[in-house]
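Peer 1: The following block contains the structure, expressed as structure tokens.
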Protein chains: 2
Amino acid sequence: MNEPRYQRRKADRPQEIVEAAFAAFAEGGYAGTRVEDVARRAGVSKGLTYLYFRTKEELFKAVIRNVVSRRVEALIRLVEQTELSSEEFVRGPLLAFMKSVPGSRIPVVIRLLVAEGARHPDLVDYYWENVVGPGLAAIRRFVERGVARGEFRRSAVNDLPQLFLAPVMLSMVWKILFPTRALDTDRLMETQLEMLLAYIGAEKGLV
Amino acid sequence: MNEPRYQRRKADRPQEIVEAAFAAFAEGGYAGTRVEDVARRAGVSKGLTYLYFRTKEELFKAVIRNVVSRRVEALIRLVEQTELSSEEFVRGPLLAFMKSVPGSRIPVVIRLLVAEGARHPDLVDYYWENVVGPGLAAIRRFVERGVARGEFRRSAVNDLPQLFLAPVMLSMVWKILFPTRALDTDRLMETQLEMLLAYIGAEKGLV
DNA sequence: CCTGTTGCTGACTCATGAGTCAGCAAATAT
DNA sequence: ATATTTGCTGACTCATGAGTCAGCAACAGG
């Protein structure tokens with residue numbers, strides 16, 4: 001008859017609460033989400049949240065850190081190990097990665113960081129050191145290697161790996177601001193990479 | 001002796017308050033700024049703010065609308081009237097405009113819209129209809145005209161004017177998130193435009 | 001069963017900040 | 001000078017939501 005009103009699940013609680021918090025923050029932003037909303041989503045009481053996270057801010061930080069997906073690391077490892085030519089790598093794994101970003105959790109993190117970053121500098125640093133910095137460095141090394149191999153020519157792109165990420169960034173902000181307005185983000189990135197390859201390709205005098 | 005404690009300046013108050021609010025929101029974001037902070041900045045009392053703006057939200061909207069600068073309209077008019085060749089226009093006025101964006105008030109608006117846009121859909125629509133939409137449409141027409149004139153070839157760029165804005169967007173988000181980390185935004189945009197011109201240029205078989 | 005431990009609840013306090021308004025004082029009219 | 005108008009002030013109320021804690025109930029060990 002009397003179903004237990006709750007179960008004790010100490011080991012799983014933190015992750016459950018962080019997941020619920022991600023969903024809640026994604027909808028309402030940091031300021032617009034009450035800790036009680038997070039708790040209800042996780043199926044626990046407000047008080048429990050405070051047993052695992054000292055403050056709302058700590059919970060927020062846990063959410064951001066939790067999303068630093070393994071995907072970026074995986075791509076970085078791949079670029080070092082691949083046996084593809086530079087051009088094949090760009091058209092294959094790199095393009096696939098870029099296409100996957102706008103539909104992932106990353107735009108949510110970007111939104112939260114843009115909104116709250118100024119008040120949480122350590123979080124922004126964390127994100128730089130674990131995602132943006134390493135990612136850009138990997139692209140830079142990749143271009144450099146292409147030059148060394150004679151596949152690419154040296155150009156401004158050597159100093160500006162951001163040229164690869166620009167359409168990804170625009171796509172994310174577009175999804176955040178205008179989720180209902182169409183944008184063919186896949187084609188945007190394909191075209192950017194075609195332009196980049198044509199621009200830094202070693203072969204001269206082609207069509 | 002007794003200096004008047006305040007002056008009555010009915011005509012100027014709204015603009016003064018909006019300016020102060022822009023500065024305050026730029027620093028602390030919407031949720032992080034108290035109406036009293038805005039009032040103090042504008043040198044008035046909190047109550048006065050509510051005589052000119054019914055709520056904090058109305059004040060916020062006034063701030064955003066106030067920044068929809070004339071610059072975008074000016075560029076749009078220019079693109080229709082210029083006597084420059086398409087390539088000269090890109091390397092001249094268009095590049096200059098793009099370079100000017102990261103240092104302008106626009107990144108602040110982007111930050112506020114990204115943070116609060118979901119809760120103010122009418123504001124986002126307003127921004128689309130008065131800035132983003134017309135701007136993209138103008139670029140699209142410009143590319144189309146270049147094709148008609150035989151200066152450009154038809155390509156994916158005809159459907160994706162966002163390719164021009166991608167580095168501008170990235171630069172703005174960079175300035176918001178990593179204001180202390182170096183990024184040569186001017187060179188980023190120059191390179192993007194060079195790539196674009198090379199990609200859509202009508203001349204075949206050049207170096 | 002019974003008993004001790006502890007994961008968990010939910011009603012509580014309290015700081016904060018949005019929004020109000022009675023009255024004051026600066027400008028203006030007489 | 002005096003009266004009248006109204007731009008403006010700042011102390012007030014009140015809703016909200018972060019953070020607390022006394023006690024309850026789920027589970028474990030005997």
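Ordering of the structure tokens sets the chain letters (A, B, ...), residue numbers begin anew at 1 in every chain, and ligands are numbered from 1 in the order given.
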Show me which bits of chain A are within 8 Å of chain C, counting only C-alpha atoms (C1' of nucleotides), as a list in words.
Peer 2: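 Taking only C-alpha atoms (C1' of nucleotides) into account, Tyr6, Arg8, Arg9, Lys10, Ser45, Gly47 and Leu48 of chain A sit within 8 Å of chain C.
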Peer 1: Can you pull out the residues contacting region 193-199 of chain B? Cut-off 7 Å, using only C-alpha atoms (C1' of nucleotides), and skip same-chain residues under 2 positions away; I want them as a list in words.
Peer 2: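 These residues fall inside the cut-off: Met195, Leu196 and Tyr199 of chain A; Met189, Glu190, Thr191 and Gly201 of chain B.
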Peer 1: Could you write out the selected residues, including N, CA and C atoms, as a compact mmCIF listing (two decimals), in the first residue's frame?
Peer 2:
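out15.txt, written as the output of this step:
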```
# COMPACT_ATOMS: atom_id res chain seq x y z
N MET A 195 36.04 27.20 -49.06
CA MET A 195 36.75 28.47 -49.25
C MET A 195 38.14 28.41 -48.64
N LEU A 196 38.18 27.87 -47.41
CA LEU A 196 39.47 27.78 -46.72
C LEU A 196 40.44 26.89 -47.49
N TYR A 199 41.70 28.54 -50.47
CA TYR A 199 42.57 29.67 -50.13
C TYR A 199 43.96 29.22 -49.71
N MET B 189 38.83 39.58 -40.39
CA MET B 189 37.81 39.97 -41.37
C MET B 189 38.42 40.20 -42.74
N GLU B 190 39.60 40.80 -42.77
CA GLU B 190 40.28 40.96 -44.06
C GLU B 190 40.46 39.61 -44.74
N THR B 191 40.91 38.64 -43.97
CA THR B 191 41.17 37.33 -44.57
C THR B 191 39.88 36.67 -45.04
N GLY B 201 34.86 35.10 -57.10
CA GLY B 201 35.32 35.93 -58.22
C GLY B 201 35.02 35.26 -59.56
```
Peer 1: Please identify the helix (DSSP H, G or I) residues within region 4-194 of chain A (assignment by DSSP from backbone atoms) and present them as an MDAnalysis selection string.
Peer 2: chainID A and resid 13:28 35:42 46:52 56:67 70:81 86:100 106:119 121:148 156:158 162:177 185:194
Peer 1: Contacts of Glu144 (chain B) at 12 Å or less, counting only C-alpha atoms (C1' of nucleotides), minus same-chain residues fewer than 6 places along, as a list in words?
Peer 2: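 Using only C-alpha atoms (C1' of nucleotides), the neighbours found are Ser86, Ala137, Ala138, Gly150, Glu151, Phe152, Arg153, Arg154, Ser155, Ala156, Val157, Asn158, Asp159, Leu160, Pro161 and Ile200 of chain B.
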Peer 1: Write out as a Markdown table a residue-level contact list of chain B versus chain A with cut-off 9 Å: for each qualifying residue the closest pair of atoms and the distance in Å to one decimal, counting only C-alpha atoms, rows sorted by chain and residue number upward.
Peer 2:
```
| residue | atom | partner | partner_atom | distance |
| --- | --- | --- | --- | --- |
| B:Glu27 | CA | A:Ala118 | CA | 8.2 |
| B:Gly28 | CA | A:Ala118 | CA | 7.7 |
| B:Gly29 | CA | A:Ala115 | CA | 7.2 |
| B:Ala31 | CA | A:Ala31 | CA | 6.6 |
| B:Gly32 | CA | A:Ala31 | CA | 8.7 |
| B:Arg111 | CA | A:Val114 | CA | 6.2 |
| B:Leu112 | CA | A:Ala115 | CA | 7.2 |
| B:Leu113 | CA | A:Leu177 | CA | 7.3 |
| B:Val114 | CA | A:Arg111 | CA | 6.2 |
| B:Ala115 | CA | A:Ala115 | CA | 4.6 |
| B:Glu116 | CA | A:Gly29 | CA | 8.0 |
| B:Gly117 | CA | A:Leu177 | CA | 6.6 |
| B:Ala118 | CA | A:Leu177 | CA | 7.6 |
| B:Arg119 | CA | A:Gly28 | CA | 8.0 |
| B:Val124 | CA | A:Leu177 | CA | 7.1 |
| B:Asp125 | CA | A:Phe178 | CA | 8.6 |
| B:Trp128 | CA | A:Phe178 | CA | 8.5 |
| B:Ala156 | CA | A:Thr191 | CA | 6.9 |
| B:Val157 | CA | A:Thr191 | CA | 7.9 |
| B:Leu160 | CA | A:Leu188 | CA | 6.8 |
| B:Gln162 | CA | A:Leu188 | CA | 7.8 |
| B:Leu163 | CA | A:Leu188 | CA | 7.0 |
| B:Leu165 | CA | A:Leu170 | CA | 7.8 |
| B:Ala166 | CA | A:Ala166 | CA | 5.1 |
| B:Pro167 | CA | A:Ala166 | CA | 5.2 |
| B:Val168 | CA | A:Ala166 | CA | 8.2 |
| B:Met169 | CA | A:Leu170 | CA | 5.8 |
| B:Leu170 | CA | A:Ala166 | CA | 5.3 |
| B:Ser171 | CA | A:Ala166 | CA | 8.4 |
| B:Val173 | CA | A:Val114 | CA | 7.6 |
| B:Ile176 | CA | A:Val114 | CA | 6.7 |
| B:Leu177 | CA | A:Val114 | CA | 6.2 |
| B:Phe178 | CA | A:Val124 | CA | 7.8 |
| B:Leu183 | CA | A:Leu160 | CA | 8.5 |
| B:Asp184 | CA | A:Leu160 | CA | 8.3 |
| B:Arg187 | CA | A:Ala156 | CA | 8.0 |
| B:Leu188 | CA | A:Leu160 | CA | 6.8 |
| B:Thr191 | CA | A:Ala156 | CA | 6.9 |
| B:Gln192 | CA | A:Leu163 | CA | 7.3 |
| B:Glu194 | CA | A:Tyr199 | CA | 8.6 |
| B:Met195 | CA | A:Tyr199 | CA | 6.0 |
| B:Leu196 | CA | A:Met195 | CA | 6.9 |
| B:Ala198 | CA | A:Tyr199 | CA | 7.5 |
| B:Tyr199 | CA | A:Met195 | CA | 6.0 |
| B:Glu203 | CA | A:Val207 | CA | 8.9 |
| B:Lys204 | CA | A:Val207 | CA | 5.4 |
| B:Gly205 | CA | A:Val207 | CA | 4.6 |
| B:Leu206 | CA | A:Gly205 | CA | 5.4 |
| B:Val207 | CA | A:Gly205 | CA | 4.7 |
```
Peer 1: Please produce, as JSON lines, a per-residue contact table for chain D versus chain A (criterion: any atom at most 12 Å away, only C-alpha atoms (C1' of nucleotides) considered), showing the nearest atom pair and its distance in Å to one decimal, sorted by chain then residue number.
Peer 2:
```
{"residue": "D:DT16", "atom": "C1'", "partner": "A:Arg34", "partner_atom": "CA", "distance": 10.2}
{"residue": "D:DG17", "atom": "C1'", "partner": "A:Arg34", "partner_atom": "CA", "distance": 6.9}
{"residue": "D:DA18", "atom": "C1'", "partner": "A:Lys56", "partner_atom": "CA", "distance": 7.9}
{"residue": "D:DG19", "atom": "C1'", "partner": "A:Thr55", "partner_atom": "CA", "distance": 7.8}
{"residue": "D:DT20", "atom": "C1'", "partner": "A:Gly47", "partner_atom": "CA", "distance": 8.6}
{"residue": "D:DC21", "atom": "C1'", "partner": "A:Gly47", "partner_atom": "CA", "distance": 9.5}
{"residue": "D:DC24", "atom": "C1'", "partner": "A:Arg5", "partner_atom": "CA", "distance": 11.2}
{"residue": "D:DA25", "atom": "C1'", "partner": "A:Arg5", "partner_atom": "CA", "distance": 8.5}
{"residue": "D:DA26", "atom": "C1'", "partner": "A:Arg8", "partner_atom": "CA", "distance": 7.0}
{"residue": "D:DC27", "atom": "C1'", "partner": "A:Arg8", "partner_atom": "CA", "distance": 8.2}
```
Peer 1: Write the selection just made, keeping C-alpha atoms (C1' of nucleotides), as a compact mmCIF listing (two decimals), in the first residue's frame?
Peer 2:
```txt
# COMPACT_ATOMS: atom_id res chain seq x y z
C1' DT D 16 10.34 36.55 -4.43
C1' DG D 17 13.70 33.17 -3.94
C1' DA D 18 18.26 31.71 -1.69
C1' DG D 19 19.70 29.22 1.98
C1' DT D 20 18.65 26.65 6.83
C1' DC D 21 17.36 23.04 9.93
C1' DC D 24 10.98 12.20 9.65
C1' DA D 25 11.37 7.89 7.26
C1' DA D 26 14.17 4.55 4.46
C1' DC D 27 17.37 1.27 4.96
```
Peer 1: Have a look at CA of Pro93 (chain A) and CA of Val131 (chain A) and let me know their distance in Å, one decimal.
Peer 2: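 Atom-to-atom, CA of Pro93 (chain A) and CA of Val131 (chain A) are spaced 17.7 Å apart.
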Peer 1: Do you have the CA of Glu80 (chain A)-CA of Pro134 (chain A) distance handy?
Peer 2: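 Computing it gives 12.7 Å between the two atoms.
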Peer 1: Out of B:Val79, B:Phe53, B:Lys61, B:Val67, which residue has the shortest atom-to-atom distance to Phe142 (chain B) when counting only C-alpha atoms?
Peer 2: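 Comparing B:Val79, B:Phe53, B:Lys61, B:Val67 against Phe142 (chain B), the winner is B:Val79.
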Peer 1: List the spatial neighbours of Leu59 (chain A) as an MDAnalysis selection string - criterion: any atom at most 12 Å away, only C-alpha atoms (C1' of nucleotides), same-chain residues fewer than 6 positions off excluded.
Peer 2: chainID A and resid 14:22 24:25 30 33:35 38:39 49:53 65:66
Peer 1: Hey, can you spit out that residue selection with C-alpha atoms as a PDB file, in the first residue's frame?
Peer 2:
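For reference, again_15.pdb as written:
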```pdb
ATOM      1  CA  PRO A  14      24.665  14.674  -7.823  1.00  0.00           C
ATOM      2  CA  GLN A  15      24.584  13.647 -11.471  1.00  0.00           C
ATOM      3  CA  GLU A  16      20.788  13.597 -11.511  1.00  0.00           C
ATOM      4  CA  ILE A  17      20.633  17.070 -10.061  1.00  0.00           C
ATOM      5  CA  VAL A  18      23.241  18.388 -12.494  1.00  0.00           C
ATOM      6  CA  GLU A  19      21.282  16.967 -15.424  1.00  0.00           C
ATOM      7  CA  ALA A  20      18.084  18.563 -14.189  1.00  0.00           C
ATOM      8  CA  ALA A  21      19.907  21.828 -13.634  1.00  0.00           C
ATOM      9  CA  PHE A  22      21.273  21.776 -17.174  1.00  0.00           C
ATOM     10  CA  ALA A  24      16.388  24.096 -16.332  1.00  0.00           C
ATOM     11  CA  PHE A  25      19.186  26.589 -17.034  1.00  0.00           C
ATOM     12  CA  TYR A  30      20.746  31.214 -14.612  1.00  0.00           C
ATOM     13  CA  THR A  33      15.769  29.456 -12.774  1.00  0.00           C
ATOM     14  CA  ARG A  34      14.890  28.784  -9.146  1.00  0.00           C
ATOM     15  CA  VAL A  35      16.753  26.118  -7.235  1.00  0.00           C
ATOM     16  CA  VAL A  38      15.861  22.239 -10.486  1.00  0.00           C
ATOM     17  CA  ALA A  39      14.917  20.114  -7.492  1.00  0.00           C
ATOM     18  CA  THR A  49      20.151  20.152  -3.582  1.00  0.00           C
ATOM     19  CA  TYR A  50      21.898  22.089  -0.843  1.00  0.00           C
ATOM     20  CA  LEU A  51      23.303  18.908   0.671  1.00  0.00           C
ATOM     21  CA  TYR A  52      25.237  18.239  -2.529  1.00  0.00           C
ATOM     22  CA  PHE A  53      25.916  21.795  -3.743  1.00  0.00           C
ATOM     23  CA  ARG A  65      32.029  21.716 -16.188  1.00  0.00           C
ATOM     24  CA  ASN A  66      29.878  18.678 -16.766  1.00  0.00           C
TER      25      ASN A  66
END
```
Peer 1: From the options A:Ala23, A:Ile106, A:Val147, A:Met172, which residue's atoms come nearest to Val68 (chain A), counting only C-alpha atoms?
Peer 2: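 Going through A:Ala23, A:Ile106, A:Val147, A:Met172 one by one, the smallest distance to Val68 (chain A) is for A:Ile106.
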Peer 1: In Å, rounded to a single decimal, give me how far CA of Lys175 (chain A) is from CA of Gly92 (chain A).
Peer 2: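 Atom-to-atom, CA of Gly92 (chain A) to CA of Lys175 (chain A), that is 23.7 Å.
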